[in-house]
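**Q** One file: target.tsv (TSV, C-alpha atoms).
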```tsv
chain	number	residue	atom	x	y	z
A	1	PRO	CA	-44.86	7.00	-27.58
A	2	ASN	CA	-43.45	4.14	-29.69
A	3	LYS	CA	-41.76	2.59	-26.66
A	4	ILE	CA	-44.94	2.92	-24.60
A	5	PHE	CA	-46.94	1.39	-27.45
A	6	LYS	CA	-44.62	-1.64	-27.53
A	7	ILE	CA	-45.02	-2.10	-23.78
A	8	THR	CA	-48.81	-1.81	-23.95
A	9	SER	CA	-48.84	-4.33	-26.80
A	10	LYS	CA	-46.85	-7.00	-24.96
A	11	ALA	CA	-47.81	-6.50	-21.31
A	12	PRO	CA	-51.58	-7.27	-21.37
A	13	LYS	CA	-51.22	-11.02	-21.98
A	14	TYR	CA	-48.84	-11.42	-19.03
A	15	VAL	CA	-51.00	-9.30	-16.73
A	16	LEU	CA	-54.11	-11.21	-17.82
A	17	PHE	CA	-52.36	-14.52	-17.08
A	18	LEU	CA	-51.46	-13.33	-13.57
A	19	PHE	CA	-55.03	-12.11	-13.05
A	20	ILE	CA	-56.54	-15.49	-13.98
A	21	ILE	CA	-54.13	-17.45	-11.77
A	22	VAL	CA	-54.49	-15.23	-8.70
A	23	LEU	CA	-58.26	-14.88	-9.17
A	24	THR	CA	-58.69	-18.67	-9.35
A	25	VAL	CA	-56.72	-19.23	-6.14
A	26	GLY	CA	-58.44	-16.28	-4.47
A	27	LEU	CA	-61.95	-17.53	-5.31
A	28	VAL	CA	-61.15	-21.02	-4.03
A	29	GLU	CA	-59.86	-19.54	-0.78
A	30	ALA	CA	-62.76	-17.08	-0.48
A	31	LEU	CA	-65.66	-19.37	-1.39
A	32	LEU	CA	-64.52	-22.84	-0.34
A	33	ILE	CA	-61.77	-22.67	2.28
A	34	SER	CA	-62.35	-19.53	4.36
A	35	PRO	CA	-64.83	-20.02	7.23
A	36	GLU	CA	-68.23	-18.46	7.70
A	37	ASP	CA	-68.47	-15.54	10.09
A	38	TYR	CA	-70.17	-16.50	13.35
A	39	LYS	CA	-72.53	-13.50	13.07
A	40	GLN	CA	-72.77	-12.82	9.33
A	41	SER	CA	-72.65	-16.41	8.08
A	42	ASP	CA	-71.93	-16.67	4.32
A	43	ALA	CA	-72.85	-13.01	3.74
A	44	VAL	CA	-69.34	-12.16	4.90
A	45	ARG	CA	-67.97	-13.53	1.61
A	46	ILE	CA	-69.15	-10.33	-0.10
A	47	MET	CA	-66.19	-8.79	1.74
A	48	TYR	CA	-63.76	-10.50	-0.64
A	49	VAL	CA	-64.99	-8.28	-3.48
A	50	HIS	CA	-66.19	-5.26	-1.50
A	51	VAL	CA	-63.02	-4.50	0.47
A	52	PRO	CA	-60.48	-4.92	-2.40
A	53	SER	CA	-62.74	-2.81	-4.62
A	54	ALA	CA	-62.78	-0.04	-2.01
A	55	TRP	CA	-58.99	-0.16	-1.65
A	56	LEU	CA	-58.55	0.02	-5.42
A	57	ALA	CA	-61.07	2.85	-5.82
A	58	SER	CA	-59.01	4.98	-3.42
A	59	PHE	CA	-55.60	3.91	-4.74
A	60	LEU	CA	-56.59	4.51	-8.35
A	61	TYR	CA	-57.91	7.95	-7.49
A	62	PHE	CA	-54.61	8.81	-5.81
A	63	SER	CA	-52.77	7.58	-8.94
A	64	LEU	CA	-55.13	9.63	-11.11
A	65	ALA	CA	-54.48	12.79	-9.10
A	66	ILE	CA	-50.69	12.30	-9.17
A	67	SER	CA	-50.86	11.88	-12.97
A	68	CYS	CA	-52.82	15.14	-13.11
A	69	VAL	CA	-50.11	16.91	-11.09
A	70	PHE	CA	-47.50	15.71	-13.59
A	71	TYR	CA	-49.68	16.91	-16.43
A	72	LEU	CA	-50.33	20.39	-15.00
A	73	VAL	CA	-46.79	21.01	-13.74
A	74	TRP	CA	-44.64	19.36	-16.41
A	75	LYS	CA	-47.17	19.40	-19.28
A	76	HIS	CA	-46.38	15.76	-20.06
A	77	PRO	CA	-48.94	14.42	-22.56
A	78	LEU	CA	-48.42	10.84	-21.34
A	79	ALA	CA	-49.60	11.88	-17.86
A	80	ASP	CA	-52.87	13.15	-19.34
A	81	LEU	CA	-53.25	9.92	-21.28
A	82	VAL	CA	-52.66	7.82	-18.15
A	83	SER	CA	-55.09	9.82	-16.00
A	84	SER	CA	-57.85	9.56	-18.60
A	85	SER	CA	-57.18	5.81	-18.82
A	86	ILE	CA	-57.40	5.35	-15.04
A	87	ALA	CA	-60.62	7.33	-14.52
A	88	PRO	CA	-63.19	4.86	-15.93
A	89	ILE	CA	-61.54	1.95	-14.13
A	90	GLY	CA	-61.57	3.86	-10.84
A	91	ALA	CA	-65.24	4.73	-11.41
A	92	LEU	CA	-65.95	1.05	-12.03
A	93	PHE	CA	-64.41	-0.01	-8.71
A	94	SER	CA	-66.13	2.84	-6.85
A	95	ALA	CA	-69.47	1.67	-8.24
A	96	LEU	CA	-68.62	-1.95	-7.39
A	97	THR	CA	-67.80	-0.87	-3.83
A	98	LEU	CA	-71.16	0.88	-3.47
A	99	ILE	CA	-73.11	-2.02	-5.00
A	100	THR	CA	-71.45	-4.76	-2.94
A	101	GLY	CA	-71.72	-2.55	0.14
A	102	SER	CA	-75.48	-2.32	-0.40
A	103	LEU	CA	-75.74	-6.08	-0.91
A	104	TRP	CA	-73.79	-6.64	2.30
A	105	GLY	CA	-75.62	-3.92	4.22
A	106	LYS	CA	-79.12	-5.26	3.55
A	107	PRO	CA	-78.79	-8.48	5.62
A	108	MET	CA	-76.56	-6.80	8.24
A	109	TRP	CA	-78.27	-3.41	8.69
A	110	GLY	CA	-81.71	-4.19	7.29
A	111	THR	CA	-81.45	-1.53	4.58
A	112	TRP	CA	-79.77	-1.08	1.19
A	113	TRP	CA	-78.48	2.41	1.94
A	114	VAL	CA	-77.90	4.83	4.79
A	115	TRP	CA	-76.27	8.25	4.69
A	116	ASP	CA	-73.38	6.87	6.69
A	117	ALA	CA	-70.07	8.79	6.64
A	118	ARG	CA	-68.17	5.95	4.92
A	119	LEU	CA	-70.88	5.28	2.33
A	120	THR	CA	-71.40	8.97	1.61
A	121	SER	CA	-67.67	9.71	1.20
A	122	MET	CA	-67.35	6.74	-1.18
A	123	LEU	CA	-70.31	8.06	-3.18
A	124	VAL	CA	-68.55	11.45	-3.34
A	125	LEU	CA	-65.42	9.66	-4.63
A	126	PHE	CA	-67.54	8.06	-7.37
A	127	PHE	CA	-68.87	11.51	-8.32
A	128	PHE	CA	-65.33	12.89	-8.50
A	129	TYR	CA	-64.49	10.16	-11.00
A	130	LEU	CA	-67.60	10.94	-13.04
A	131	GLY	CA	-66.82	14.66	-12.87
A	132	PHE	CA	-63.31	14.05	-14.18
A	133	ILE	CA	-64.61	11.99	-17.10
A	134	LEU	CA	-67.31	14.52	-17.97
A	135	LEU	CA	-65.02	17.55	-17.77
A	136	SER	CA	-62.36	15.84	-19.86
A	137	ASN	CA	-64.84	15.64	-22.72
A	138	ALA	CA	-66.81	18.83	-22.11
A	139	PHE	CA	-64.64	21.28	-24.08
A	140	GLU	CA	-64.10	21.72	-27.78
A	141	ARG	CA	-60.33	21.83	-27.26
A	142	LYS	CA	-59.07	18.66	-25.57
A	143	ILE	CA	-56.38	20.58	-23.67
A	144	ASP	CA	-59.01	22.76	-21.94
A	145	GLY	CA	-60.90	19.70	-20.77
A	146	SER	CA	-57.73	18.00	-19.56
A	147	LYS	CA	-56.62	21.02	-17.52
A	148	THR	CA	-60.03	21.57	-15.90
A	149	ALA	CA	-60.48	17.89	-15.11
A	150	SER	CA	-56.97	17.71	-13.66
A	151	VAL	CA	-57.70	20.57	-11.27
A	152	LEU	CA	-60.90	18.80	-10.14
A	153	ALA	CA	-58.99	15.55	-9.59
A	154	ILE	CA	-56.40	17.26	-7.40
A	155	VAL	CA	-59.11	19.00	-5.36
A	156	GLY	CA	-60.74	15.59	-4.89
A	157	LEU	CA	-57.69	14.33	-3.02
A	158	ILE	CA	-59.16	15.91	0.10
A	159	ASN	CA	-61.86	13.22	0.06
A	160	LEU	CA	-59.43	10.28	0.35
A	161	PRO	CA	-58.58	10.74	4.06
A	162	ILE	CA	-62.29	11.25	4.70
A	163	VAL	CA	-63.03	7.88	3.09
A	164	LYS	CA	-60.30	6.22	5.12
A	165	PHE	CA	-60.88	7.81	8.53
A	166	SER	CA	-64.64	8.44	8.41
A	167	VAL	CA	-65.28	5.39	10.62
A	168	ASP	CA	-62.90	6.84	13.24
A	169	TRP	CA	-64.02	10.48	13.08
A	170	TRP	CA	-67.79	9.88	13.23
A	171	ASN	CA	-70.25	7.41	14.70
A	172	THR	CA	-71.12	5.18	11.77
A	173	LEU	CA	-72.96	1.95	11.06
A	174	HIS	CA	-69.97	0.85	9.03
A	175	GLN	CA	-67.56	-1.28	11.04
A	176	PRO	CA	-64.18	0.28	11.98
A	177	ALA	CA	-60.95	-0.67	10.21
A	178	SER	CA	-59.93	-4.27	10.89
A	179	ILE	CA	-57.02	-4.67	8.45
A	180	ILE	CA	-55.05	-1.45	7.79
A	181	LYS	CA	-54.80	-0.05	11.30
A	182	ILE	CA	-52.36	0.62	14.13
A	183	GLY	CA	-51.61	-2.63	15.92
A	184	GLY	CA	-52.04	-4.78	12.82
A	185	PRO	CA	-55.03	-6.68	11.38
A	186	SER	CA	-57.67	-7.98	13.76
A	187	ILE	CA	-59.17	-10.26	11.13
A	188	ASP	CA	-58.56	-14.02	11.23
A	189	ASP	CA	-55.69	-15.22	9.01
A	190	LYS	CA	-58.05	-17.63	7.21
A	191	MET	CA	-60.04	-14.61	6.04
A	192	LEU	CA	-57.08	-12.29	5.55
A	193	LEU	CA	-55.37	-14.56	2.98
A	194	PRO	CA	-58.27	-14.68	0.48
A	195	LEU	CA	-58.81	-10.96	1.01
A	196	ILE	CA	-55.21	-10.21	0.01
A	197	LEU	CA	-55.39	-12.65	-2.92
A	198	MET	CA	-58.57	-11.00	-4.23
A	199	PHE	CA	-56.97	-7.58	-3.85
A	200	PHE	CA	-54.05	-8.64	-6.05
A	201	ALA	CA	-56.40	-10.33	-8.51
A	202	LEU	CA	-58.48	-7.17	-8.93
A	203	SER	CA	-55.30	-5.09	-9.05
A	204	PHE	CA	-54.03	-7.15	-11.99
A	205	PHE	CA	-57.46	-6.81	-13.63
A	206	SER	CA	-57.43	-3.02	-13.23
A	207	LEU	CA	-53.86	-2.84	-14.55
A	208	TYR	CA	-54.91	-4.94	-17.55
A	209	LEU	CA	-57.80	-2.59	-18.34
A	210	ILE	CA	-55.67	0.53	-17.86
A	211	ILE	CA	-52.97	-0.79	-20.21
A	212	LEU	CA	-55.62	-1.54	-22.84
A	213	ASN	CA	-57.02	1.99	-22.41
A	214	VAL	CA	-53.57	3.52	-22.82
A	215	LYS	CA	-52.93	1.44	-25.94
A	216	THR	CA	-56.30	2.44	-27.44
A	217	LYS	CA	-55.65	6.13	-26.80
A	218	LEU	CA	-52.16	5.88	-28.34
A	219	ILE	CA	-53.68	4.34	-31.47
A	220	GLU	CA	-56.27	7.14	-31.60
A	221	LYS	CA	-53.53	9.77	-31.32
A	222	LYS	CA	-51.50	8.11	-34.09
A	223	CYS	CA	-54.57	8.03	-36.34
A	224	GLU	CA	-55.28	11.71	-35.61
A	225	ALA	CA	-51.66	12.62	-36.41
A	226	LEU	CA	-51.75	10.67	-39.70
A	227	LEU	CA	-55.08	12.27	-40.63
A	228	LEU	CA	-53.74	15.75	-39.88
A	229	LYS	CA	-50.60	15.04	-41.91
A	230	SER	CA	-52.72	13.80	-44.82
A	231	ASN	CA	-54.90	16.92	-44.72
A	232	LEU	CA	-51.88	19.22	-44.64
A	233	GLU	CA	-50.38	17.43	-47.61
A	234	GLU	CA	-53.62	17.84	-49.55
A	235	ILE	CA	-53.71	21.57	-48.76
A	236	SER	CA	-50.09	22.10	-49.79
```
Could I get this file's structure written as structure tokens?
**A**
Amino acid sequence: PNKIFKITSKAPKYVLFLFIIVLTVGLVEALLISPEDYKQSDAVRIMYVHVPSAWLASFLYFSLAISCVFYLVWKHPLADLVSSSIAPIGALFSALTLITGSLWGKPMWGTWWVWDARLTSMLVLFFFYLGFILLSNAFERKIDGSKTASVLAIVGLINLPIVKFSVDWWNTLHQPASIIKIGGPSIDDKMLLPLILMFFALSFFSLYLIILNVKTKLIEKKCEALLLKSNLEEIS
């Protein structure tokens, strides 16, 4: 824990610096340099937040579930701490995906929401995040909440391929994959570059928030340990 605390104390400033640099370059590319879409006009620029957010929502959930496996199998307390630190950040990016998707869908589809396979599976992913957070704090004993929430997170892994392949398995309003697909990206390089930059920018931002969460939880655990020690000393 002491080593992890030192890392979480030093790392945030470097990660934040990288986030600011990459975000600045990414926004310039996305808003000023990349071209308009011939059909969607400037509305396509929502993509530079929507798509990276969707990628991160799925990747963070996978990371959360793997941490839960480590916690359930090897009983490592750090794994539980990491998973509980990831969950709110993953929920944030899931919500951001749904919000930006609605903003993008209105001018393109003429409606804020449809029960499309991609949209619905992303909403389910958001609910899995919320379920994990709620279950983690629903029990009097923290360990009971952690175990139950971890099981839910692992079960939720089944939704990730549905999110990814929903546009291929069903007829949907959502466009098919144009970046991560067999045969390579079909998107123009002038749009692909800002998309990748914004993905890394938001990745650094999520890493920054997760490190801060881990640090906060380590401090809470240290305070709880000191309080328990103080109470035991008073009793003895």
**Q** Would you mind telling me which residue in A:Leu195, A:Ser230, A:Leu212, A:Lys221 lies nearest to Lys13 (chain A) when using all atoms listed in the file?
**A**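 Among A:Leu195, A:Ser230, A:Leu212, A:Lys221, it is A:Leu212 that comes nearest to Lys13 (chain A).
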**Q** Taking all atoms listed in the file into account, name the residue in A:Val22, A:Ser83, A:Glu29, A:Ile158 that is nearest to Val214 (chain A).
**A**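 Looking at the shortest contact to Val214 (chain A), the residue is A:Ser83.
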**Q** Could you name the residues that touch region 35-46 of chain A at 9 Å or less, counting all atoms listed in the file, but leaving out those on the same chain fewer than 2 positions away, as number ranges by chain?
**A** A: 30-33, 48-51, 100-101, 103-104, 107-108, 190-191
**Q** Using only C-alpha atoms, which residues sit within 7 Å of Ser206 (chain A) once same-chain residues fewer than 4 positions away are excluded, as a ChimeraX atom specification?
**A** /A:89,202,210
**Q** Take the residues from that selection and write them out as a short mmCIF file (atom, residue, chain, number, x, y, z; two decimals), in the coordinates of the input, keeping C-alpha atoms.
**A**
```cif
data_model
loop_
_atom_site.label_atom_id
_atom_site.label_comp_id
_atom_site.auth_asym_id
_atom_site.auth_seq_id
_atom_site.Cartn_x
_atom_site.Cartn_y
_atom_site.Cartn_z
CA ILE A 89 -61.54 1.95 -14.13
CA LEU A 202 -58.48 -7.17 -8.93
CA ILE A 210 -55.67 0.53 -17.86
#
```
**Q** List the neighbours of Trp170 (chain A) out to 12 Å using only C-alpha atoms; skip same-chain residues closer than 6 positions along the sequence, and give me the result as a short mmCIF file (atom, residue, chain, number, x, y, z; two decimals) with C-alpha atoms, in the frame of the given file.
**A**
```
data_model
loop_
_atom_site.label_atom_id
_atom_site.label_comp_id
_atom_site.auth_asym_id
_atom_site.auth_seq_id
_atom_site.Cartn_x
_atom_site.Cartn_y
_atom_site.Cartn_z
CA ASP A 116 -73.38 6.87 6.69
CA ALA A 117 -70.07 8.79 6.64
CA ARG A 118 -68.17 5.95 4.92
CA ILE A 162 -62.29 11.25 4.70
CA VAL A 163 -63.03 7.88 3.09
CA LYS A 164 -60.30 6.22 5.12
CA PRO A 176 -64.18 0.28 11.98
#
```
**Q** Contacts of Phe59 (chain A) at 12 Å or less, counting only C-alpha atoms, minus same-chain residues fewer than 5 places along, as number ranges by chain?
**A** A: 52-54, 64-66, 86-87, 89-91, 93-94, 125, 157, 160-161, 163-164, 199, 203, 206
**Q** Work out where the centre of an axis-aligned box around every listed atom of region 169-176 of chain A lies and how long its edges are once 5 Å is added on each side; give both in Å to one decimal as lines of an AutoDock Vina configuration file.
**A**
```
center_x = -68.5
center_y = 4.6
center_z = 11.9
size_x = 18.9
size_y = 21.8
size_z = 15.7
```
**Q** Let me make sure I understand: among A:Val124, A:Ile133, A:Ile20, A:Ile7, which one has the smallest atom-to-atom distance to Phe204 (chain A) if we use all atoms listed in the file?
**A** A:Ile20
**Q** Interatomic distance between CA of His174 (chain A) and CA of Leu192 (chain A)?
**A**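 A separation of 18.7 Å between them.
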**Q** When distances are computed from all atoms listed in the file, which of A:Val28, A:Leu135, A:Leu96, A:Ala79 shows the smallest separation from Ser63 (chain A)?
**A** A:Ala79
**Q** Which of these, A:Leu197, A:Leu226, A:Met47, A:Leu123, has the shortest distance to Phe19 (chain A) once you count all atoms listed in the file?
**A** A:Leu197
**Q** Between CA of Glu220 (chain A) and CA of Phe205 (chain A), measure the distance and give it in Å to one decimal.
**A**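 Computing it gives 22.8 Å between the two atoms.
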**Q** Report, in Å with one decimal, the straight-line distance from CA of Gln175 (chain A) to CA of Gly105 (chain A).
**A**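 Answer for the CA of Gln175 (chain A) to CA of Gly105 (chain A) separation: 10.9 Å.
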**Q** Choose the residue, out of A:Ser9, A:Trp55, A:Met198, A:Pro77, that has the smallest atom-to-atom separation from Leu23 (chain A); count only C-alpha atoms.
**A**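 Comparing A:Ser9, A:Trp55, A:Met198, A:Pro77 against Leu23 (chain A), the winner is A:Met198.
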**Q** Excluding region 137-140 of chain A and any residue of its chain fewer than 6 positions from it, enumerate the residues within 10 Å of it, using only C-alpha atoms, and give them as a VMD selection string.
**A** chain A and resid 146 148 to 149
